[in-house]
Amino acid sequence: MEKLIMGIDPGTNFMGYAILKTTGKNCKPELVVSGVVDMKKMTDPYLKLQRVFQRTLQVIDSYHPDELAIEAQFYGKNIQSMLKLGRAQGVAIAAALQRNIPIFEYAPKKIKMSITGTGEASKEQIAILLGKFMNMPTTISTLDETDAIAIAYCHHLQGNLPTTGSSKCKDWGDFIKQNPDKVL
């Protein structure tokens, strides 16, 4: 069964987006499209939110994703930045709700853990691993775009987790034996 997953890395200066296509339970997802909405030169914060909403709807209407995966807010030292990020996230979620698309939120550490095995990985490490897992083009322009791909990929992995009662990895050695393709 084919499924399209939209990943969004929300922001008010740059918003990364990606669409991944999966075609079965244990398939390798394929990158359909990815990009960045650049709002750095825009000065009106409300027009930035409008751009996030409009561009999210454009991508949804062009590709018709089945699900939206979005990075959840994280707590930082700069309250103003956190509030702006929350607004951008809310506007992107509202666009998905407008089209009745189910929404899934993932904390940054969860995304990193899903892809690299550690919640402390750098964005560059994530980009390298995504390139290996998905045969991604090297033309990905920004880390915001890579983050959107990572969010969608994390969601794909959550759908392929073993069900309760299935065999699970006991330790890193066991994980490596069961997942040799995830070792560099």
# chains A, B, ... in the order shown; residues from 1 in each chain; ligands from 1

$ residues_around --residues "Ile115 in chain A" --least-positions-apart "6" --cutoff "9 Å" --atoms "only C-alpha atoms" --output "list in words"
Ile126, Leu129, Leu130, Ala150, Tyr153, Cys154, Leu157 and Lys182 of chain A

$ write_last_selection --atoms "N, CA and C atoms" --output "CSV table (one decimal), in the first residue's frame"
chain,number,residue,atom,x,y,z
A,126,ILE,N,22.8,13.5,10.9
A,126,ILE,CA,21.5,13.1,10.4
A,126,ILE,C,21.5,13.1,8.9
A,129,LEU,N,23.4,10.2,7.4
A,129,LEU,CA,22.7,8.9,7.5
A,129,LEU,C,21.5,8.9,6.6
A,130,LEU,N,20.8,10.0,6.5
A,130,LEU,CA,19.6,10.0,5.6
A,130,LEU,C,20.1,9.7,4.2
A,150,ALA,N,14.1,14.3,7.6
A,150,ALA,CA,14.3,13.5,8.8
A,150,ALA,C,13.0,13.3,9.6
A,153,TYR,N,10.9,10.8,7.7
A,153,TYR,CA,11.6,9.5,7.8
A,153,TYR,C,11.3,8.9,9.2
A,154,CYS,N,11.4,9.8,10.2
A,154,CYS,CA,11.2,9.3,11.6
A,154,CYS,C,9.7,8.8,11.7
A,157,LEU,N,9.5,5.4,10.2
A,157,LEU,CA,10.1,4.4,11.1
A,157,LEU,C,9.1,4.0,12.2
A,182,LYS,N,22.1,0.1,8.9
A,182,LYS,CA,22.2,1.4,9.6
A,182,LYS,C,23.5,1.6,10.2

$ select_by_dssp --residues "range 6-158 of chain A" --states "helix (DSSP H, G or I)" --output "ChimeraX atom specification"
/A:45-63,79-98,108-116,123-134,143-158

$ select_by_dssp --residues "range 57-167 of chain A" --states "strand (DSSP E or B)" --output "list of chain:residue names"
A:Glu67, A:Leu68, A:Ala69, A:Ile70, A:Glu71, A:Ile103, A:Phe104, A:Glu105, A:Tyr106

$ closest_residue --among "A:Pro10, A:Gly35, A:Gly117, A:Pro180" --to "Met82 in chain A" --atoms "only C-alpha atoms"
A:Pro10

$ closest_residue --among "A:Pro102, A:Met42, A:Ala72, A:His156" --to "Gly90 in chain A" --atoms "only C-alpha atoms"
A:Ala72

$ closest_residue --among "A:Lys77, A:Ile8, A:Lys109, A:Leu31" --to "Val59 in chain A" --atoms "only C-alpha atoms"
A:Ile8

$ closest_residue --among "A:Ala92, A:Met113, A:Ile101, A:Met134" --to "Lys28 in chain A" --atoms "only C-alpha atoms"
A:Met134

$ closest_residue --among "A:Pro29, A:Gly16, A:Gly24, A:Gly86" --to "Met1 in chain A" --atoms "only C-alpha atoms"
A:Gly24

$ atom_distance --atom1 "CA of Thr22 in chain A" --atom2 "CA of Glu2 in chain A"
5.5 Å

$ closest_residue --among "A:Ala152, A:Ala107, A:Ala94, A:Ala88" --to "Asp66 in chain A" --atoms "only C-alpha atoms"
A:Ala152

$ residues_around --residues "Lys110 in chain A" --least-positions-apart "4" --cutoff "8 Å" --atoms "only C-alpha atoms" --output "PyMOL selection string"
chain A and resi 106+114+119

$ atom_distance --atom1 "CA of Thr12 in chain A" --atom2 "CA of Leu85 in chain A"
6.6 Å

$ residues_around --residues "Phe104 in chain A" --least-positions-apart "4" --cutoff "9 Å" --atoms "only C-alpha atoms" --output "list in words"
Glu67, Leu68, Ala69, Ile70, Glu71, Ala72 and His155 of chain A

$ atom_distance --atom1 "CA of Val37 in chain A" --atom2 "CA of Glu145 in chain A"
9.2 Å

$ residues_around --residues "Asp38 in chain A" --least-positions-apart "3" --cutoff "7 Å" --atoms "only C-alpha atoms" --output "list in words"
Asn13, Phe14 and Met15 of chain A
